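Asker: So here's final.txt (compact mmCIF, C-alpha atoms).
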```
# COMPACT_ATOMS: atom_id res chain seq x y z
CA MET A 178 -1.05 -25.76 34.11
CA GLN A 179 0.86 -27.66 36.75
CA ALA A 180 -0.87 -30.33 38.81
CA VAL A 181 -0.10 -30.49 42.51
CA ASP A 182 -0.17 -33.88 44.19
CA LEU A 183 -1.58 -33.50 47.66
CA ALA A 184 -0.46 -36.89 48.92
CA PRO A 185 1.21 -38.83 46.16
CA SER A 186 2.56 -41.65 48.26
CA ALA A 187 0.72 -41.57 51.59
CA PRO A 188 -2.82 -42.42 52.74
CA ILE A 189 -5.21 -39.55 52.00
CA SER A 190 -6.12 -37.86 55.27
CA ALA A 191 -9.57 -36.46 56.03
CA ASP A 192 -8.06 -32.94 55.95
CA ILE A 193 -6.60 -33.42 52.48
CA PHE A 194 -9.86 -34.89 51.25
CA ARG A 195 -11.89 -31.98 52.64
CA ALA A 196 -9.48 -29.43 51.15
CA ALA A 197 -9.90 -31.03 47.72
CA MET A 198 -13.70 -31.11 48.09
CA ARG A 199 -13.70 -27.30 48.41
CA GLN A 200 -13.64 -27.33 44.58
CA PHE A 201 -16.91 -29.27 44.49
CA VAL A 202 -19.92 -27.12 43.57
CA GLY A 203 -22.79 -28.50 45.62
CA THR A 204 -26.48 -27.79 45.23
CA VAL A 205 -27.67 -26.92 48.72
CA SER A 206 -30.58 -29.09 49.92
CA LEU A 207 -32.53 -29.26 53.10
CA ILE A 208 -33.15 -32.86 54.00
CA THR A 209 -36.33 -32.91 56.07
CA VAL A 210 -37.49 -35.85 58.15
CA GLY A 211 -40.00 -36.65 60.88
CA THR A 212 -43.33 -35.18 61.91
CA GLY A 213 -44.55 -32.71 64.54
CA ASP A 214 -42.17 -32.24 67.45
CA GLU A 215 -40.02 -35.07 66.15
CA ARG A 216 -39.21 -33.18 62.96
CA SER A 217 -35.55 -32.55 62.33
CA GLY A 218 -33.29 -32.29 59.34
CA LEU A 219 -29.95 -31.28 57.95
CA VAL A 220 -28.38 -29.37 55.12
CA ALA A 221 -26.54 -31.39 52.49
CA THR A 222 -24.65 -30.90 49.25
CA SER A 223 -24.71 -34.63 48.45
CA ALA A 224 -28.35 -35.02 47.39
CA GLY A 225 -28.96 -35.80 43.74
CA SER A 226 -30.44 -38.06 41.14
CA LEU A 227 -29.74 -41.79 41.18
CA SER A 228 -32.24 -43.08 38.60
CA ALA A 229 -35.08 -41.54 36.55
CA ASP A 230 -37.00 -44.76 35.94
CA PRO A 231 -37.87 -45.59 38.66
CA PRO A 232 -37.36 -42.07 40.11
CA LEU A 233 -34.77 -42.43 42.87
CA VAL A 234 -32.66 -39.85 44.69
CA LEU A 235 -29.82 -40.36 47.13
CA VAL A 236 -28.21 -38.36 49.90
CA CYS A 237 -25.25 -39.14 52.17
CA VAL A 238 -26.04 -38.63 55.87
CA ASN A 239 -23.45 -38.69 58.66
CA ARG A 240 -24.46 -41.34 61.20
CA GLN A 241 -23.50 -38.87 63.97
CA ALA A 242 -26.21 -36.43 62.78
CA SER A 243 -29.01 -36.01 65.31
CA SER A 244 -31.58 -36.61 62.58
CA TRP A 245 -29.99 -39.84 61.32
CA PRO A 246 -32.21 -42.19 63.42
CA LEU A 247 -35.35 -40.52 62.04
CA PHE A 248 -34.85 -41.82 58.49
CA ALA A 249 -35.44 -45.46 59.44
CA ARG A 250 -38.11 -44.56 62.02
CA HIS A 251 -40.26 -42.48 59.65
CA ALA A 252 -39.32 -44.27 56.40
CA ALA A 253 -39.83 -41.01 54.51
CA PHE A 254 -37.98 -37.74 53.94
CA GLY A 255 -37.93 -34.61 51.81
CA VAL A 256 -35.16 -33.27 49.56
CA ASN A 257 -35.59 -29.51 49.05
CA PHE A 258 -33.26 -27.68 46.63
CA LEU A 259 -32.73 -24.18 47.99
CA ARG A 260 -32.77 -20.70 46.52
CA PRO A 261 -30.48 -17.79 47.48
CA HIS A 262 -33.09 -16.31 49.86
CA HIS A 263 -32.96 -19.54 51.89
CA ARG A 264 -29.41 -18.97 53.05
CA ALA A 265 -30.35 -18.23 56.69
CA LEU A 266 -32.52 -21.36 56.72
CA ALA A 267 -29.60 -23.40 55.37
CA GLU A 268 -27.40 -22.06 58.15
CA ARG A 269 -30.02 -22.94 60.76
CA PHE A 270 -30.32 -26.50 59.42
CA SER A 271 -26.53 -26.80 59.43
CA GLY A 272 -26.73 -26.53 63.23
CA ARG A 273 -24.06 -23.81 63.43
CA ASP A 274 -26.25 -21.52 65.54
CA GLY A 275 -27.20 -24.33 67.96
CA THR A 276 -30.82 -24.66 66.81
CA THR A 277 -31.90 -28.29 66.97
CA GLY A 278 -34.82 -30.50 66.02
CA SER A 279 -38.19 -28.99 65.13
CA ALA A 280 -37.04 -25.46 66.03
CA ARG A 281 -35.09 -25.49 62.76
CA TYR A 282 -38.46 -25.29 60.99
CA ASP A 283 -39.50 -21.95 62.53
CA GLY A 284 -40.01 -19.00 60.20
CA ALA A 285 -40.48 -20.87 56.92
CA ASP A 286 -43.58 -22.34 55.26
CA TRP A 287 -43.99 -26.11 55.10
CA ARG A 288 -46.39 -28.56 53.56
CA THR A 289 -46.78 -32.29 52.98
CA MET A 290 -47.67 -34.22 49.85
CA VAL A 291 -47.84 -38.02 49.81
CA THR A 292 -45.54 -39.46 52.49
CA GLY A 293 -46.14 -36.88 55.22
CA ALA A 294 -42.50 -35.70 55.24
CA PRO A 295 -42.24 -31.92 55.66
CA LEU A 296 -41.50 -30.06 52.40
CA LEU A 297 -40.37 -26.45 51.99
CA LYS A 298 -43.12 -24.55 50.14
CA ASP A 299 -40.91 -22.28 48.03
CA ALA A 300 -38.01 -24.68 47.37
CA ALA A 301 -36.74 -24.65 43.78
CA VAL A 302 -37.82 -28.29 43.81
CA ALA A 303 -39.11 -30.42 46.66
CA PHE A 304 -38.97 -34.19 46.32
CA ASP A 305 -41.29 -36.15 48.61
CA CYS A 306 -39.52 -39.49 49.18
CA GLU A 307 -40.36 -42.85 50.61
CA LEU A 308 -37.29 -44.53 52.10
CA ASP A 309 -36.15 -47.18 49.61
CA ASP A 310 -32.85 -48.30 51.13
CA MET A 311 -30.04 -47.22 53.44
CA PHE A 312 -26.57 -48.62 53.75
CA ASP A 313 -23.52 -47.64 55.72
CA LYS A 314 -20.16 -46.68 54.22
CA GLY A 315 -17.38 -45.03 56.19
CA SER A 316 -18.82 -42.39 58.53
CA HIS A 317 -22.04 -41.98 56.52
CA SER A 318 -25.17 -43.78 55.38
CA VAL A 319 -26.20 -43.63 51.75
CA VAL A 320 -29.95 -42.94 52.01
CA ILE A 321 -32.01 -43.76 48.92
CA GLY A 322 -35.48 -42.36 48.38
CA ARG A 323 -38.23 -43.33 45.95
CA VAL A 324 -39.80 -40.10 44.69
CA MET A 325 -43.54 -40.13 45.38
CA GLY A 326 -44.28 -36.44 44.79
CA VAL A 327 -42.58 -33.41 43.24
CA ALA A 328 -43.34 -29.73 43.76
CA THR A 329 -41.61 -26.84 42.00
CA ALA A 330 -41.83 -23.10 42.65
CA GLU A 331 -41.38 -20.16 40.31
CA GLY A 332 -37.95 -18.58 40.03
CA GLU A 333 -34.69 -18.99 38.18
CA ASP A 334 -32.03 -19.04 40.85
CA ALA A 335 -30.20 -21.55 43.01
CA LEU A 336 -28.07 -21.65 46.13
CA VAL A 337 -24.76 -23.49 45.87
CA TYR A 338 -21.89 -24.14 48.25
CA TRP A 339 -18.42 -23.75 46.75
CA ARG A 340 -14.96 -22.97 48.09
CA GLY A 341 -16.16 -22.81 51.68
CA GLY A 342 -19.12 -20.48 51.24
CA TYR A 343 -22.61 -20.03 49.86
CA ARG A 344 -23.04 -18.54 46.37
CA SER A 345 -26.07 -17.47 44.37
CA LEU A 346 -26.66 -18.65 40.82
CA THR A 347 -29.08 -16.80 38.56
CA ALA A 348 -30.22 -17.82 35.10
CA MET B 197 -44.56 -17.89 45.92
CA GLN B 198 -46.92 -20.60 44.70
CA ALA B 199 -45.77 -24.20 44.59
CA VAL B 200 -46.75 -26.26 41.57
CA ASP B 201 -47.36 -29.94 42.09
CA LEU B 202 -46.08 -31.83 39.09
CA ALA B 203 -47.85 -35.08 39.87
CA PRO B 204 -49.67 -34.80 43.17
CA SER B 205 -51.63 -38.01 42.94
CA ALA B 206 -49.98 -40.16 40.25
CA PRO B 207 -46.70 -42.10 40.00
CA ILE B 208 -43.82 -39.79 39.13
CA SER B 209 -42.81 -40.44 35.52
CA ALA B 210 -39.22 -40.32 34.29
CA ASP B 211 -40.09 -37.16 32.31
CA ILE B 212 -41.42 -35.35 35.36
CA PHE B 213 -38.40 -36.41 37.38
CA ARG B 214 -35.98 -35.20 34.71
CA ALA B 215 -37.82 -31.87 34.39
CA ALA B 216 -37.50 -31.32 38.14
CA MET B 217 -33.80 -32.26 38.07
CA ARG B 218 -33.15 -29.36 35.68
CA GLN B 219 -33.01 -27.23 38.85
CA PHE B 220 -30.13 -29.31 40.19
CA VAL B 221 -26.74 -27.58 39.91
CA GLY B 222 -24.27 -30.35 39.15
CA THR B 223 -20.49 -30.22 39.28
CA VAL B 224 -19.36 -31.69 35.97
CA SER B 225 -16.95 -34.63 36.36
CA LEU B 226 -15.23 -36.88 33.93
CA ILE B 227 -15.30 -40.41 35.25
CA THR B 228 -12.31 -42.18 33.73
CA VAL B 229 -11.79 -45.94 33.72
CA GLY B 230 -9.62 -48.56 32.05
CA THR B 231 -6.15 -48.53 30.56
CA GLY B 232 -4.66 -48.21 27.07
CA ASP B 233 -7.08 -49.07 24.28
CA GLU B 234 -9.61 -50.24 26.83
CA ARG B 235 -9.90 -46.79 28.35
CA SER B 236 -13.35 -45.27 28.32
CA GLY B 237 -15.36 -42.98 30.52
CA LEU B 238 -18.38 -40.80 30.92
CA VAL B 239 -19.45 -37.39 32.09
CA ALA B 240 -21.46 -37.22 35.31
CA THR B 241 -23.05 -34.67 37.61
CA SER B 242 -23.61 -37.24 40.36
CA ALA B 243 -20.05 -37.61 41.65
CA GLY B 244 -19.37 -36.30 45.13
CA SER B 245 -18.18 -36.93 48.64
CA LEU B 246 -19.51 -39.85 50.65
CA SER B 247 -17.15 -39.87 53.64
CA ALA B 248 -13.99 -37.98 54.62
CA ASP B 249 -12.60 -40.57 57.03
CA PRO B 250 -12.06 -42.92 55.30
CA PRO B 251 -12.02 -40.81 52.11
CA LEU B 252 -14.77 -42.19 49.88
CA VAL B 253 -16.49 -40.76 46.81
CA LEU B 254 -19.51 -42.05 44.93
CA VAL B 255 -20.90 -41.70 41.44
CA CYS B 256 -24.06 -43.08 39.84
CA VAL B 257 -23.41 -44.90 36.55
CA ASN B 258 -26.11 -46.04 34.14
CA ARG B 259 -25.74 -49.80 33.56
CA GLN B 260 -26.38 -49.18 29.85
CA ALA B 261 -23.23 -47.03 29.62
CA SER B 262 -20.55 -48.59 27.44
CA SER B 263 -17.97 -48.00 30.17
CA TRP B 264 -20.03 -49.62 32.95
CA PRO B 265 -18.38 -53.09 32.64
CA LEU B 266 -14.93 -51.51 33.01
CA PHE B 267 -15.45 -50.49 36.65
CA ALA B 268 -15.56 -54.06 37.93
CA ARG B 269 -12.92 -55.25 35.45
CA HIS B 270 -10.31 -52.63 36.36
CA ALA B 271 -11.37 -52.09 40.00
CA ALA B 272 -10.21 -48.47 39.76
CA PHE B 273 -11.41 -45.18 38.30
CA GLY B 274 -10.80 -41.44 38.28
CA VAL B 275 -13.15 -38.61 39.25
CA ASN B 276 -12.04 -35.36 37.58
CA PHE B 277 -13.87 -32.10 38.43
CA LEU B 278 -13.87 -29.96 35.31
CA ARG B 279 -13.14 -26.31 34.57
CA PRO B 280 -14.93 -24.10 32.03
CA HIS B 281 -12.24 -24.70 29.38
CA HIS B 282 -13.04 -28.44 29.52
CA ARG B 283 -16.49 -27.99 28.04
CA ALA B 284 -15.65 -29.62 24.67
CA LEU B 285 -14.05 -32.53 26.52
CA ALA B 286 -17.22 -32.91 28.61
CA GLU B 287 -19.30 -33.00 25.45
CA ARG B 288 -17.01 -35.64 23.94
CA PHE B 289 -17.27 -37.83 27.06
CA SER B 290 -21.06 -37.41 26.99
CA GLY B 291 -21.00 -39.35 23.73
CA ARG B 292 -23.16 -36.79 21.90
CA ASP B 293 -20.74 -36.51 18.97
CA GLY B 294 -20.42 -40.29 18.59
CA THR B 295 -16.86 -40.55 19.93
CA THR B 296 -16.45 -43.77 21.89
CA GLY B 297 -13.91 -45.54 24.06
CA SER B 298 -10.29 -44.43 24.15
CA ALA B 299 -10.84 -41.86 21.35
CA ARG B 300 -12.58 -39.71 23.97
CA TYR B 301 -9.13 -39.14 25.51
CA ASP B 302 -7.62 -37.50 22.41
CA GLY B 303 -6.48 -33.90 22.71
CA ALA B 304 -6.17 -33.65 26.50
CA ASP B 305 -3.28 -34.46 28.85
CA TRP B 306 -3.54 -37.49 31.13
CA ARG B 307 -1.51 -39.01 33.91
CA THR B 308 -1.74 -41.77 36.50
CA MET B 309 -1.05 -41.74 40.22
CA VAL B 310 -1.54 -44.83 42.39
CA THR B 311 -4.20 -47.09 40.85
CA GLY B 312 -3.30 -46.64 37.18
CA ALA B 313 -6.67 -45.06 36.32
CA PRO B 314 -6.29 -42.18 33.82
CA LEU B 315 -6.51 -38.72 35.43
CA LEU B 316 -6.97 -35.37 33.70
CA LYS B 317 -3.83 -33.28 34.30
CA ASP B 318 -5.50 -29.89 34.66
CA ALA B 319 -8.73 -30.93 36.38
CA ALA B 320 -9.78 -28.66 39.27
CA VAL B 321 -9.36 -31.82 41.35
CA ALA B 322 -8.62 -35.38 40.25
CA PHE B 323 -9.39 -38.20 42.65
CA ASP B 324 -7.58 -41.48 41.98
CA CYS B 325 -9.93 -44.19 43.28
CA GLU B 326 -9.77 -47.86 44.03
CA LEU B 327 -13.17 -49.52 43.58
CA ASP B 328 -14.62 -50.08 47.06
CA ASP B 329 -18.14 -51.25 46.27
CA MET B 330 -20.86 -51.16 43.59
CA PHE B 331 -24.53 -51.87 43.95
CA ASP B 332 -27.46 -51.65 41.59
CA LYS B 333 -30.51 -49.45 42.10
CA GLY B 334 -33.06 -48.73 39.39
CA SER B 335 -31.31 -48.16 36.07
CA HIS B 336 -27.97 -47.26 37.67
CA SER B 337 -25.14 -48.61 39.79
CA VAL B 338 -23.89 -46.65 42.77
CA VAL B 339 -20.11 -46.90 42.36
CA ILE B 340 -18.05 -46.19 45.49
CA GLY B 341 -14.36 -45.36 45.34
CA ARG B 342 -11.71 -45.26 48.01
CA VAL B 343 -9.53 -42.23 47.35
CA MET B 344 -5.89 -43.28 46.99
CA GLY B 345 -4.49 -40.09 45.46
CA VAL B 346 -5.54 -36.47 44.95
CA ALA B 347 -4.18 -33.91 42.50
CA THR B 348 -5.27 -30.30 42.23
CA ALA B 349 -4.44 -27.67 39.60
CA GLU B 350 -4.24 -23.90 39.88
CA GLY B 351 -7.31 -21.86 39.03
CA GLU B 352 -10.49 -20.59 40.61
CA ASP B 353 -13.26 -21.66 38.30
CA ALA B 354 -15.62 -24.57 37.82
CA LEU B 355 -17.90 -26.04 35.17
CA VAL B 356 -21.46 -26.80 36.25
CA TYR B 357 -24.53 -28.15 34.49
CA TRP B 358 -27.79 -26.38 35.32
CA ARG B 359 -31.14 -25.90 33.60
CA GLY B 360 -30.12 -27.99 30.61
CA GLY B 361 -26.78 -26.36 29.82
CA TYR B 362 -23.20 -25.86 30.88
CA ARG B 363 -22.31 -22.77 32.95
CA SER B 364 -19.02 -21.32 34.17
CA LEU B 365 -18.47 -20.38 37.80
CA THR B 366 -15.65 -18.02 38.75
CA ALA B 367 -14.50 -17.12 42.24
```
Translate the structure described by the file into structure tokens.
Answerer:
Amino acid sequence: MQAVDLAPSAPISADIFRAAMRQFVGTVSLITVGTGDERSGLVATSAGSLSADPPLVLVCVNRQASSWPLFARHAAFGVNFLRPHHRALAERFSGRDGTTGSARYDGADWRTMVTGAPLLKDAAVAFDCELDDMFDKGSHSVVIGRVMGVATAEGEDALVYWRGGYRSLTA
Amino acid sequence: MQAVDLAPSAPISADIFRAAMRQFVGTVSLITVGTGDERSGLVATSAGSLSADPPLVLVCVNRQASSWPLFARHAAFGVNFLRPHHRALAERFSGRDGTTGSARYDGADWRTMVTGAPLLKDAAVAFDCELDDMFDKGSHSVVIGRVMGVATAEGEDALVYWRGGYRSLTA
């Protein structure tokens, strides 16, 4: 199999980087933050495990995202791994249809556990996180959460994003 | 669907955290570091995009990993997204069969691009990274790489790790 060098001797552009990242299979997560009318959130494929002991997760958040200021203000957030039936919810949280802020939460069931961050009731897994640390790199912040609560729901499927579209995985 | 709280009112143990992370669908990457006989590496499901402009990737590396000291020493590493036919290579880099160091590289084809880090020739994507930053959190280091070169190979499949085992994804 022949390798193709996308930019062997030039700086890697954002377009080349994004084209290469199409091969990345990302678990689709809703990142939920805030309370009441100040709830907002985003969809991410960057959330994952950082450390099991202590239990830490991380997610990369664009500093241009409307929900970015809420992480420091509320010092808590949720990471909710999605299932295939959550696809419309993922699209709403991606902001593509223009829905913003707490309106993104309409039509799904939410709960809280320890920190007060909103958690999706039928997520494959919902991690209730206290903000541990945040630091800026490039266009994004790396947001680190200490896991204070975990909820799982029945089911053996997952929603992933790969090659520019959503896909369903079943066990 | 009923949510199950794994530890609603107690600290989250490493076992509970790991059980929940079984629902995470991880792209399988070989993280390659070092040169010649000092080459080593590991398999990770935590590697992904941090920022497109500038192009940055991150991966979480356990500080107990034998290859951990090599990241600072060589200041460069590769992130290689694997295909289904790389499963045996992934298992070798996971260290389960006792193979260590440069012996993990036997039987596959390698190349270099800009930094000198070893890159897998037929990876879905290989990112050639200069070490940008590393910081410690819990048991792991968050290792950040500036992407200096990208190579892709033909093919429309991917290797993922989900629910405790490897799975193949095809387009």
Asker: Which residues are close to Met217 of chain B, i.e. within 10 Å by only C-alpha atoms, leaving aside same-chain residues fewer than 4 positions away? Reply as a ChimeraX atom specification.
Answerer: /A:225-226,229,258,301-302,304 /B:211-213,221-222,358-360
Asker: Superposition of chain A onto chain B by least squares over all sequentially paired C-alpha atoms; the transformed chain is requested as a short mmCIF file (atom, residue, chain, number, x, y, z; two decimals) with C-alpha atoms, keeping the file's coordinate frame.
Answerer:
```cif
data_model
loop_
_atom_site.label_atom_id
_atom_site.label_comp_id
_atom_site.auth_asym_id
_atom_site.auth_seq_id
_atom_site.Cartn_x
_atom_site.Cartn_y
_atom_site.Cartn_z
CA MET A 178 -44.53 -17.88 45.93
CA GLN A 179 -46.88 -20.56 44.72
CA ALA A 180 -45.76 -24.18 44.61
CA VAL A 181 -46.75 -26.25 41.60
CA ASP A 182 -47.37 -29.95 42.12
CA LEU A 183 -46.10 -31.83 39.11
CA ALA A 184 -47.87 -35.09 39.92
CA PRO A 185 -49.70 -34.81 43.19
CA SER A 186 -51.64 -38.03 42.97
CA ALA A 187 -49.99 -40.16 40.27
CA PRO A 188 -46.73 -42.12 39.99
CA ILE A 189 -43.83 -39.80 39.12
CA SER A 190 -42.82 -40.43 35.52
CA ALA A 191 -39.23 -40.33 34.30
CA ASP A 192 -40.09 -37.17 32.31
CA ILE A 193 -41.42 -35.35 35.36
CA PHE A 194 -38.40 -36.43 37.38
CA ARG A 195 -35.97 -35.21 34.71
CA ALA A 196 -37.81 -31.89 34.38
CA ALA A 197 -37.49 -31.33 38.13
CA MET A 198 -33.79 -32.27 38.08
CA ARG A 199 -33.14 -29.37 35.68
CA GLN A 200 -33.00 -27.23 38.85
CA PHE A 201 -30.12 -29.32 40.19
CA VAL A 202 -26.73 -27.60 39.91
CA GLY A 203 -24.27 -30.37 39.15
CA THR A 204 -20.49 -30.22 39.27
CA VAL A 205 -19.36 -31.69 35.97
CA SER A 206 -16.95 -34.63 36.35
CA LEU A 207 -15.23 -36.89 33.93
CA ILE A 208 -15.30 -40.42 35.24
CA THR A 209 -12.30 -42.18 33.73
CA VAL A 210 -11.79 -45.93 33.72
CA GLY A 211 -9.61 -48.55 32.06
CA THR A 212 -6.14 -48.52 30.56
CA GLY A 213 -4.65 -48.21 27.07
CA ASP A 214 -7.06 -49.05 24.27
CA GLU A 215 -9.60 -50.23 26.82
CA ARG A 216 -9.89 -46.77 28.35
CA SER A 217 -13.34 -45.26 28.32
CA GLY A 218 -15.36 -42.98 30.52
CA LEU A 219 -18.39 -40.79 30.91
CA VAL A 220 -19.44 -37.38 32.09
CA ALA A 221 -21.46 -37.22 35.30
CA THR A 222 -23.06 -34.67 37.60
CA SER A 223 -23.61 -37.25 40.36
CA ALA A 224 -20.04 -37.61 41.65
CA GLY A 225 -19.38 -36.30 45.13
CA SER A 226 -18.18 -36.93 48.63
CA LEU A 227 -19.53 -39.85 50.65
CA SER A 228 -17.15 -39.88 53.64
CA ALA A 229 -13.98 -37.98 54.63
CA ASP A 230 -12.62 -40.58 57.04
CA PRO A 231 -12.06 -42.93 55.31
CA PRO A 232 -12.03 -40.81 52.11
CA LEU A 233 -14.79 -42.20 49.89
CA VAL A 234 -16.51 -40.76 46.82
CA LEU A 235 -19.52 -42.04 44.94
CA VAL A 236 -20.90 -41.70 41.44
CA CYS A 237 -24.07 -43.08 39.84
CA VAL A 238 -23.41 -44.88 36.54
CA ASN A 239 -26.12 -46.04 34.13
CA ARG A 240 -25.73 -49.79 33.58
CA GLN A 241 -26.39 -49.18 29.85
CA ALA A 242 -23.23 -47.01 29.61
CA SER A 243 -20.54 -48.58 27.44
CA SER A 244 -17.97 -47.99 30.17
CA TRP A 245 -20.03 -49.62 32.94
CA PRO A 246 -18.38 -53.08 32.64
CA LEU A 247 -14.92 -51.51 33.02
CA PHE A 248 -15.45 -50.48 36.65
CA ALA A 249 -15.56 -54.06 37.94
CA ARG A 250 -12.92 -55.25 35.45
CA HIS A 251 -10.31 -52.62 36.36
CA ALA A 252 -11.37 -52.08 39.99
CA ALA A 253 -10.20 -48.47 39.75
CA PHE A 254 -11.41 -45.18 38.29
CA GLY A 255 -10.79 -41.44 38.29
CA VAL A 256 -13.16 -38.61 39.24
CA ASN A 257 -12.05 -35.36 37.58
CA PHE A 258 -13.88 -32.11 38.42
CA LEU A 259 -13.87 -29.95 35.31
CA ARG A 260 -13.13 -26.32 34.57
CA PRO A 261 -14.93 -24.10 32.02
CA HIS A 262 -12.23 -24.70 29.37
CA HIS A 263 -13.04 -28.43 29.50
CA ARG A 264 -16.49 -27.99 28.02
CA ALA A 265 -15.63 -29.60 24.65
CA LEU A 266 -14.05 -32.53 26.50
CA ALA A 267 -17.21 -32.91 28.60
CA GLU A 268 -19.29 -33.00 25.44
CA ARG A 269 -17.01 -35.64 23.92
CA PHE A 270 -17.26 -37.82 27.04
CA SER A 271 -21.04 -37.40 26.99
CA GLY A 272 -21.01 -39.35 23.71
CA ARG A 273 -23.16 -36.79 21.88
CA ASP A 274 -20.72 -36.51 18.97
CA GLY A 275 -20.42 -40.31 18.60
CA THR A 276 -16.85 -40.56 19.93
CA THR A 277 -16.44 -43.78 21.89
CA GLY A 278 -13.90 -45.55 24.08
CA SER A 279 -10.28 -44.42 24.15
CA ALA A 280 -10.84 -41.86 21.36
CA ARG A 281 -12.58 -39.71 23.97
CA TYR A 282 -9.14 -39.15 25.51
CA ASP A 283 -7.61 -37.49 22.42
CA GLY A 284 -6.47 -33.89 22.71
CA ALA A 285 -6.15 -33.64 26.50
CA ASP A 286 -3.27 -34.45 28.86
CA TRP A 287 -3.52 -37.48 31.13
CA ARG A 288 -1.51 -39.02 33.91
CA THR A 289 -1.75 -41.78 36.50
CA MET A 290 -1.04 -41.74 40.22
CA VAL A 291 -1.54 -44.82 42.39
CA THR A 292 -4.20 -47.08 40.86
CA GLY A 293 -3.31 -46.63 37.19
CA ALA A 294 -6.68 -45.05 36.32
CA PRO A 295 -6.29 -42.18 33.83
CA LEU A 296 -6.52 -38.72 35.44
CA LEU A 297 -6.97 -35.37 33.69
CA LYS A 298 -3.83 -33.28 34.31
CA ASP A 299 -5.49 -29.87 34.65
CA ALA A 300 -8.73 -30.93 36.39
CA ALA A 301 -9.78 -28.67 39.27
CA VAL A 302 -9.36 -31.82 41.34
CA ALA A 303 -8.62 -35.37 40.26
CA PHE A 304 -9.40 -38.20 42.64
CA ASP A 305 -7.59 -41.48 41.98
CA CYS A 306 -9.94 -44.19 43.29
CA GLU A 307 -9.79 -47.86 44.04
CA LEU A 308 -13.18 -49.52 43.58
CA ASP A 309 -14.63 -50.06 47.06
CA ASP A 310 -18.15 -51.24 46.26
CA MET A 311 -20.85 -51.17 43.59
CA PHE A 312 -24.53 -51.87 43.93
CA ASP A 313 -27.46 -51.65 41.59
CA LYS A 314 -30.51 -49.44 42.10
CA GLY A 315 -33.06 -48.72 39.40
CA SER A 316 -31.31 -48.15 36.06
CA HIS A 317 -27.96 -47.26 37.67
CA SER A 318 -25.14 -48.62 39.79
CA VAL A 319 -23.90 -46.64 42.76
CA VAL A 320 -20.11 -46.89 42.36
CA ILE A 321 -18.06 -46.18 45.49
CA GLY A 322 -14.38 -45.36 45.34
CA ARG A 323 -11.71 -45.26 48.04
CA VAL A 324 -9.53 -42.22 47.35
CA MET A 325 -5.90 -43.28 47.00
CA GLY A 326 -4.49 -40.10 45.46
CA VAL A 327 -5.55 -36.48 44.95
CA ALA A 328 -4.18 -33.93 42.49
CA THR A 329 -5.28 -30.30 42.23
CA ALA A 330 -4.44 -27.68 39.61
CA GLU A 331 -4.24 -23.91 39.87
CA GLY A 332 -7.32 -21.87 39.02
CA GLU A 333 -10.49 -20.59 40.60
CA ASP A 334 -13.26 -21.66 38.28
CA ALA A 335 -15.62 -24.58 37.81
CA LEU A 336 -17.90 -26.04 35.17
CA VAL A 337 -21.46 -26.80 36.24
CA TYR A 338 -24.53 -28.16 34.48
CA TRP A 339 -27.79 -26.39 35.31
CA ARG A 340 -31.13 -25.91 33.58
CA GLY A 341 -30.11 -28.00 30.59
CA GLY A 342 -26.77 -26.39 29.81
CA TYR A 343 -23.19 -25.86 30.88
CA ARG A 344 -22.31 -22.78 32.95
CA SER A 345 -19.04 -21.32 34.17
CA LEU A 346 -18.47 -20.39 37.80
CA THR A 347 -15.64 -18.05 38.76
CA ALA A 348 -14.51 -17.13 42.25
#
```
Asker: Can you tell me how far atom CA of Thr366 of chain B sits from atom CA of Ser236 of chain B, in Å to one decimal?
Answerer: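 According to the coordinates, atom CA of Thr366 of chain B and atom CA of Ser236 of chain B are separated by 29.3 Å.
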Asker: How close does chain B get to chain A? List, as CSV, each residue of chain B within 8 Å, its nearest atom pair and the distance in Å to one decimal, counting only C-alpha atoms.
Answerer:
```
residue,atom,partner,partner_atom,distance
B:Met197,CA,A:Asp299,CA,6.1
B:Gln198,CA,A:Ala330,CA,6.0
B:Ala199,CA,A:Ala330,CA,4.5
B:Val200,CA,A:Thr329,CA,5.2
B:Asp201,CA,A:Ala328,CA,4.4
B:Leu202,CA,A:Val327,CA,5.7
B:Ala203,CA,A:Gly326,CA,6.2
B:Pro204,CA,A:Gly326,CA,5.9
B:Ser205,CA,A:Gly326,CA,7.7
B:Pro207,CA,A:Met325,CA,6.5
B:Ile208,CA,A:Met325,CA,6.3
B:Ser209,CA,A:Asp230,CA,7.3
B:Ala210,CA,A:Ala229,CA,4.9
B:Asp211,CA,A:Ala229,CA,7.9
B:Phe213,CA,A:Ala229,CA,6.2
B:Arg214,CA,A:Ala229,CA,6.7
B:Ala216,CA,A:Val302,CA,6.4
B:Met217,CA,A:Ser226,CA,7.4
B:Gln219,CA,A:Ala301,CA,6.7
B:Phe220,CA,A:Thr204,CA,6.4
B:Val221,CA,A:Thr204,CA,5.3
B:Gly222,CA,A:Gly203,CA,6.9
B:Thr223,CA,A:Val202,CA,5.3
B:Ser242,CA,A:Gly225,CA,6.5
B:Gly244,CA,A:Ser223,CA,6.5
B:Ser245,CA,A:Ser223,CA,6.9
B:Leu246,CA,A:Cys237,CA,6.0
B:Ser247,CA,A:Ser316,CA,5.7
B:Ala248,CA,A:Ala191,CA,4.9
B:Asp249,CA,A:Ala191,CA,5.2
B:Pro250,CA,A:Gly315,CA,5.8
B:Pro251,CA,A:Ala191,CA,6.3
B:Leu252,CA,A:Gly315,CA,7.4
B:Cys256,CA,A:Leu227,CA,6.0
B:Phe277,CA,A:Phe201,CA,7.3
B:Met309,CA,A:Pro185,CA,7.0
B:Val310,CA,A:Pro185,CA,7.6
B:Lys317,CA,A:Ala180,CA,6.1
B:Asp318,CA,A:Met178,CA,6.1
B:Ala320,CA,A:Gln200,CA,6.7
B:Val321,CA,A:Ala197,CA,6.4
B:Lys333,CA,A:Ser228,CA,7.5
B:Gly334,CA,A:Ser228,CA,5.8
B:Ser335,CA,A:Ser228,CA,5.8
B:His336,CA,A:Ser228,CA,6.0
B:Val338,CA,A:Leu227,CA,7.8
B:Val343,CA,A:Ile189,CA,6.9
B:Met344,CA,A:Ile189,CA,6.3
B:Gly345,CA,A:Pro185,CA,5.9
B:Val346,CA,A:Leu183,CA,5.6
B:Ala347,CA,A:Asp182,CA,4.4
B:Thr348,CA,A:Val181,CA,5.2
B:Ala349,CA,A:Ala180,CA,4.5
B:Glu350,CA,A:Met178,CA,6.9
B:Ala354,CA,A:Gln200,CA,7.6
B:Val356,CA,A:Val202,CA,7.5
```
